[in-house]
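Data block for structure-v9.txt (compact mmCIF, C-alpha atoms):
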```txt
# COMPACT_ATOMS: atom_id res chain seq x y z
CA MET A 1 185.18 25.98 101.94
CA PRO A 2 187.32 29.17 102.00
CA TYR A 3 186.27 31.92 104.38
CA ARG A 4 184.37 34.77 102.79
CA SER A 5 185.85 38.23 103.06
CA THR A 6 185.34 40.36 106.16
CA THR A 7 186.34 43.51 104.29
CA GLY A 8 183.57 46.06 103.91
CA PRO A 9 180.11 46.00 105.48
CA MET A 10 178.28 42.78 106.29
CA LYS A 11 175.83 41.72 103.60
CA ILE A 12 172.24 42.10 104.82
CA ILE A 13 168.94 41.20 103.16
CA ASN A 14 166.04 43.33 104.42
CA ASP A 15 162.45 42.14 104.44
CA ASP A 16 160.30 44.96 105.79
CA LEU A 17 156.61 45.42 106.40
CA ASN A 18 154.90 48.41 104.81
CA CYS A 19 152.15 49.25 107.28
CA THR A 20 150.28 52.34 108.41
CA ILE A 21 151.87 51.74 111.81
CA ARG A 22 155.57 50.98 111.50
CA PRO A 23 156.85 47.91 113.37
CA THR A 24 158.91 48.55 116.48
CA SER A 25 160.32 45.00 116.47
CA LEU A 26 163.16 43.64 114.34
CA VAL A 27 163.99 39.97 113.87
CA VAL A 28 167.66 39.39 112.97
CA PHE A 29 168.54 36.01 111.41
CA LEU A 30 172.08 34.61 111.63
CA PRO A 31 172.83 31.54 109.45
CA GLY A 32 174.97 28.49 110.10
CA ALA A 33 178.62 28.12 109.13
CA TYR A 34 177.98 26.79 105.63
CA ASP A 35 174.72 28.62 104.98
CA VAL A 36 173.87 32.04 103.56
CA PRO A 37 171.15 34.56 104.45
CA GLN A 38 169.05 33.69 101.40
CA ASP A 39 168.59 30.19 102.84
CA PHE A 40 166.16 31.60 105.39
CA LYS A 41 163.94 32.65 102.50
CA ASP A 42 164.51 29.55 100.40
CA TYR A 43 163.59 27.24 103.30
CA GLY A 44 160.46 29.21 104.14
CA PHE A 45 161.48 30.84 107.41
CA VAL A 46 160.49 34.35 106.35
CA ASN A 47 157.32 33.19 104.62
CA ALA A 48 156.26 31.26 107.74
CA LEU A 49 156.78 34.40 109.82
CA ARG A 50 154.70 36.48 107.39
CA GLN A 51 151.92 33.91 107.25
CA ARG A 52 151.51 34.24 111.01
CA ARG A 53 151.22 38.04 110.73
CA ILE A 54 154.24 38.80 112.92
CA ASP A 55 154.51 42.54 113.47
CA ALA A 56 158.23 42.88 112.77
CA ASP A 57 160.73 43.77 110.11
CA VAL A 58 163.39 41.22 109.20
CA GLN A 59 167.11 41.32 108.52
CA LEU A 60 169.02 38.32 107.18
CA VAL A 61 172.68 38.86 108.05
CA ASP A 62 175.68 37.19 106.42
CA SER A 63 177.44 36.60 109.74
CA HIS A 64 179.77 34.03 108.23
CA ILE A 65 182.58 32.15 109.93
CA GLY A 66 185.21 34.73 108.95
CA TYR A 67 183.82 37.16 111.52
CA PHE A 68 184.21 34.52 114.23
CA THR A 69 187.74 33.59 113.17
CA ASN A 70 188.72 37.27 113.27
CA GLN A 71 186.87 37.74 116.58
CA GLN A 72 184.82 40.53 115.02
CA ILE A 73 181.31 39.09 115.27
CA VAL A 74 180.07 40.97 118.35
CA GLN A 75 181.46 44.33 117.29
CA ARG A 76 180.23 43.98 113.70
CA LEU A 77 176.73 43.06 114.85
CA GLU A 78 176.68 46.06 117.17
CA ASP A 79 178.03 48.50 114.59
CA GLU A 80 176.16 47.28 111.50
CA VAL A 81 172.95 45.75 112.82
CA VAL A 82 171.93 46.76 116.33
CA ARG A 83 173.06 50.38 116.51
CA PRO A 84 171.49 51.31 113.14
CA ALA A 85 168.31 49.47 114.19
CA LYS A 86 168.07 51.55 117.34
CA THR A 87 168.62 54.71 115.32
CA LYS A 88 165.69 53.72 113.09
CA GLY A 89 163.46 53.41 116.13
CA TYR A 90 163.26 49.66 116.73
CA LYS A 91 162.50 49.00 120.39
CA ASN A 92 162.63 45.20 120.53
CA ILE A 93 165.36 43.28 118.72
CA TRP A 94 165.09 39.50 118.46
CA PHE A 95 167.88 37.24 117.23
CA VAL A 96 167.26 33.92 115.48
CA GLY A 97 170.44 31.91 115.00
CA ILE A 98 171.09 28.47 113.57
CA SER A 99 174.19 26.43 114.53
CA LEU A 100 177.11 28.88 114.31
CA GLY A 101 174.54 31.67 114.08
CA GLY A 102 173.21 30.47 117.42
CA TYR A 103 176.70 30.79 118.87
CA GLY A 104 176.92 34.32 117.51
CA THR A 105 173.54 35.08 119.03
CA LEU A 106 174.73 33.89 122.43
CA LEU A 107 178.03 35.77 122.26
CA TYR A 108 176.24 38.98 121.36
CA SER A 109 173.53 38.50 123.99
CA MET A 110 176.16 37.86 126.66
CA SER A 111 178.15 40.95 125.65
CA LYS A 112 175.18 43.28 125.09
CA PRO A 113 172.22 41.82 127.01
CA THR A 114 170.26 45.07 127.11
CA ASP A 115 170.36 45.25 123.29
CA VAL A 116 168.51 41.96 122.87
CA HIS A 117 164.83 41.60 123.75
CA GLY A 118 164.94 37.86 123.10
CA PHE A 119 166.43 35.08 121.02
CA PHE A 120 165.57 31.73 119.52
CA ILE A 121 168.59 29.53 118.85
CA LEU A 122 168.21 26.40 116.74
CA ALA A 123 170.75 23.60 117.27
CA PRO A 124 173.37 26.11 118.37
CA TYR A 125 177.05 25.37 118.48
CA MET A 126 177.98 26.21 122.08
CA GLY A 127 181.77 26.02 122.10
CA PRO A 128 184.19 23.15 122.73
CA ARG A 129 182.62 19.89 123.91
CA ASP A 130 184.76 19.53 127.02
CA ILE A 131 182.90 22.30 128.85
CA PRO A 132 179.36 20.88 128.50
CA ALA A 133 180.78 17.42 129.21
CA GLU A 134 182.08 18.70 132.54
CA ILE A 135 178.75 20.43 133.23
CA HIS A 136 176.98 17.12 132.65
CA ARG A 137 179.41 15.36 135.03
CA GLN A 138 178.59 17.92 137.73
CA GLY A 139 174.85 17.32 137.41
CA GLY A 140 173.79 20.14 135.14
CA LEU A 141 174.10 23.86 134.61
CA LYS A 142 172.58 24.93 137.92
CA SER A 143 175.09 22.97 140.03
CA TRP A 144 178.15 23.46 137.80
CA SER A 145 181.16 25.48 138.89
CA SER A 146 184.52 26.18 137.30
CA ASP A 147 187.69 27.93 138.42
CA VAL A 148 188.79 28.61 134.84
CA GLN A 149 189.29 32.30 134.12
CA GLY A 150 189.89 34.20 130.89
CA ASN A 151 188.15 31.66 128.68
CA MET A 152 185.35 33.10 126.52
CA ASP A 153 183.44 29.82 126.29
CA VAL A 154 183.56 29.21 130.03
CA ASP A 155 182.34 32.78 130.49
CA LEU A 156 179.49 32.06 128.09
CA TRP A 157 178.37 29.04 130.10
CA ARG A 158 178.62 31.07 133.32
CA TRP A 159 176.33 33.64 131.73
CA LEU A 160 173.90 30.94 130.60
CA GLN A 161 173.93 29.60 134.15
CA ARG A 162 172.11 32.76 135.19
CA TYR A 163 169.02 31.40 133.42
CA SER A 164 168.79 28.86 136.25
CA THR A 165 168.45 31.59 138.88
CA ASP A 166 167.27 35.17 138.18
CA THR A 167 166.37 36.02 134.58
CA SER A 168 165.04 39.53 135.26
CA ASN A 169 167.90 41.27 133.42
CA LEU A 170 168.42 38.66 130.70
CA PRO A 171 167.01 38.42 127.17
CA ARG A 172 164.06 36.08 126.75
CA ALA A 173 165.61 32.77 125.71
CA TYR A 174 164.20 29.98 123.53
CA ILE A 175 166.06 26.96 122.18
CA GLY A 176 165.18 24.15 119.78
CA TYR A 177 167.09 21.15 118.44
CA GLY A 178 166.64 17.75 116.88
CA ALA A 179 166.70 14.69 119.12
CA SER A 180 169.52 13.24 116.98
CA ASP A 181 171.43 16.50 116.52
CA ARG A 182 175.19 16.36 117.15
CA PHE A 183 174.79 19.31 119.55
CA GLU A 184 171.89 17.71 121.45
CA LYS A 185 173.75 17.23 124.74
CA PRO A 186 175.04 20.82 125.17
CA ASN A 187 171.71 22.18 123.88
CA GLN A 188 169.87 20.12 126.46
CA LEU A 189 171.87 21.72 129.27
CA LEU A 190 170.38 25.11 128.47
CA ALA A 191 166.91 23.74 127.73
CA ASN A 192 166.85 22.10 131.17
CA VAL A 193 167.05 25.45 132.99
CA LEU A 194 164.55 27.32 130.79
CA PRO A 195 160.78 27.23 131.24
CA LYS A 196 159.40 24.09 129.63
CA GLU A 197 157.55 26.08 126.98
CA HIS A 198 160.81 27.76 125.91
CA GLY A 199 162.48 24.55 124.73
CA PHE A 200 161.58 22.49 121.68
CA VAL A 201 162.82 19.04 120.70
CA VAL A 202 161.64 17.27 117.55
CA PRO A 203 162.81 14.12 115.76
CA GLY A 204 165.68 14.84 113.39
CA GLY A 205 169.28 15.89 113.08
CA HIS A 206 171.33 18.93 112.12
CA ASP A 207 169.42 19.87 108.97
CA TRP A 208 166.94 22.29 107.50
CA ALA A 209 163.98 19.89 107.63
CA THR A 210 164.36 19.69 111.40
CA TRP A 211 164.88 23.43 111.79
CA GLN A 212 161.73 24.15 109.78
CA LYS A 213 159.69 22.14 112.32
CA LEU A 214 161.35 23.91 115.23
CA TRP A 215 160.73 27.32 113.66
CA ALA A 216 157.04 26.51 113.22
CA ASN A 217 156.83 25.49 116.88
CA PHE A 218 158.45 28.73 118.00
CA LEU A 219 156.21 30.87 115.79
CA ASP A 220 153.18 29.27 117.40
CA THR A 221 154.20 30.70 120.78
CA PRO A 222 153.22 34.26 121.78
CA ALA A 223 156.89 35.35 121.86
CA LEU A 224 156.85 37.57 118.77
CA PRO A 225 154.26 40.38 118.44
CA LYS A 226 151.31 39.91 116.08
CA LEU A 227 149.75 42.52 113.82
CA ALA A 228 146.57 44.04 115.14
CA ALA A 229 143.37 42.69 113.63
CA ASP A 230 142.64 46.00 111.88
CA GLN A 231 146.08 46.10 110.20
CA THR A 232 144.95 44.46 106.98
CA ASN A 233 146.85 46.55 104.46
CA CYS A 234 150.41 45.63 105.41
CA LYS A 235 152.70 44.57 102.60
CA VAL A 236 156.25 43.28 102.47
CA ASN A 237 158.57 45.80 100.76
```

Before anything else, please render the file you have as structure tokens.
Amino acid sequence: MPYRSTTGPMKIINDDLNCTIRPTSLVVFLPGAYDVPQDFKDYGFVNALRQRRIDADVQLVDSHIGYFTNQQIVQRLEDEVVRPAKTKGYKNIWFVGISLGGYGTLLYSMSKPTDVHGFFILAPYMGPRDIPAEIHRQGGLKSWSSDVQGNMDVDLWRWLQRYSTDTSNLPRAYIGYGASDRFEKPNQLLANVLPKEHGFVVPGGHDWATWQKLWANFLDTPALPKLAADQTNCKVN
């Protein structure tokens, strides 16, 4: 599949609530390498969020692989998603990323941790396999060490290692993956250092049917804010 163009602004689908009290939370969805933003609607992710009366606006961002190849993903998300969101008055920004979108979520969260209130990554790609393989050999993320410098993916794992110690200045982190997913082993390394209720594993592989189950599990946690009981007149724009 040829890379889509990185010329011009990123394509974004907005799905906003129209309420008497405007949401202060924004949920930003980043798709996988061969997916498009509309897939989040077609596979029921947005509808599931609305059915649970989540008090948040939604943006579906076409953060395709071209932005990663050109090493633009962090800057483009800051310039075209996060900074405008702050200007509009959003206080809490959540990222939801699948596969490559999970990788983008992690890169952005590492680079701009104060911009991200929390994230849920589903079966995220987490860089080359040799790094998590070495982490496994050393007994897990908490005990791992590396002398490698100047490597973005090693830096990412060092940042994730902080979730095994003090998380006070880190975004709230949730991860989910299928038990048969090809990224199960690296995903498990992060899940092992998060609170038990922040990690989800269900039967399945690297596919939408599995991700739908994981998304439902996440939505049933208290992570995202709910509409107040008296907010009965909210509509999706």

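Excluding region 131-135 of chain A itself and same-chain residues fewer than 6 positions from it, the residues having an atom within 8 Å of it are Leu141, Trp144, Ser145, Asp153, Val154, Lys185, Pro186 and Leu189 of chain A, counting only C-alpha atoms.
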
Notebook entry, point to check: So which residues touch region 170-173 of chain A within 10 Å, counting all atoms listed in the file, skipping near sequence neighbours fewer than 6 positions away, as a ChimeraX atom specification?
Noted result: /A:93-95,106,109-110,112-121,159-160,162-163,190-191,194-195,198-199,223

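Distances to Leu100 (chain A) were evaluated for A:Leu30, A:Ala48, A:Leu17, A:Ile175 using only C-alpha atoms, and the minimum falls at A:Leu30.
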
Notebook entry, point to check: Expressed in Å to a single decimal, how great is the separation between CA of Val28 (chain A) and CA of Pro203 (chain A)?
Noted result: 25.9 Å

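For the pair CA of Asn187 (chain A) and CA of Lys226 (chain A), the separation is 28.1 Å.
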
Take every atom of region 137-154 of chain A listed in the file, fit an axis-aligned box around them, add 6 Å per side, and give the centre and edge lengths in Å to one decimal as AutoDock Vina command-line options.
```
--center_x 181.2 --center_y 24.8 --center_z 133.2 --size_x 29.3 --size_y 30.8 --size_z 25.7
```

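Between CA of Thr210 (chain A) and CA of Arg52 (chain A) lies a distance of 19.4 Å.
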
Next item on the list: Go ahead and find all residues with at least one atom no further than 12 Å from (179.2, 45.0, 111.5) in the file's coordinates, using all atoms listed in the file; report them as a list in words.
Entry: Thr6, Thr7, Gly8, Pro9, Met10, Lys11, Ile12, Val61, Asp62, Ser63, His64, Tyr67, Phe68, Gln71, Gln72, Ile73, Val74, Gln75, Arg76, Leu77, Glu78, Asp79, Glu80, Val81, Val82, Arg83, Pro84 and Tyr108 of chain A

Next item on the list: Using only C-alpha atoms, determine which residues lie at most 10 Å from Asp16 (chain A), disregarding the query and same-chain residues fewer than 6 positions distant; provide the list as a PyMOL selection string.
Entry: chain A and resi 22-23+26+55-59+234-237

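Using only C-alpha atoms, the shortest contact distance between Asn18 (chain A) and any of A:Leu122, A:Ala179, A:Ala85, A:Leu227 is found at A:Leu227.
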
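Near Gly102 (chain A), within 6 Å and counting only C-alpha atoms, sit Gly97, Ile98, Ser99, Thr105, Ile121 and Pro124 of chain A; same-chain residues fewer than 3 positions away were not included.
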
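Of the residues under consideration (A:Ala123, A:Ala33, A:Leu224, A:Ile13), A:Ala123 shows the shortest atom-to-atom contact distance to Trp211 (chain A) when counting all atoms listed in the file.
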
Notebook entry, point to check: Of the candidates A:Met152, A:Leu49, A:Met126, A:Val202, which one gets nearest to Asp220 (chain A) if we count all atoms listed in the file?
Noted result: A:Leu49

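Nearest residue to Ser5 (chain A), choosing from A:Ile65, A:Leu107, A:Val201, A:Ala229 and counting only C-alpha atoms: A:Ile65.
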
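Of the listed residues (A:Asp230, A:Pro225, A:Thr69, A:Thr87), A:Pro225 comes nearest to Arg50 (chain A); the distances count all atoms listed in the file.
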
Next item on the list: Fewer than 5 positions away in the same chain doesn't count, so skip those; otherwise give me all residues within 12 Å of Gly44 (chain A), counting all atoms listed in the file, as a list in words.
Entry: Pro37, Gln38, Asp39, Leu49, Arg50, Gln51, Trp208, Ala209, Trp211, Gln212, Lys213, Trp215 and Ala216 of chain A
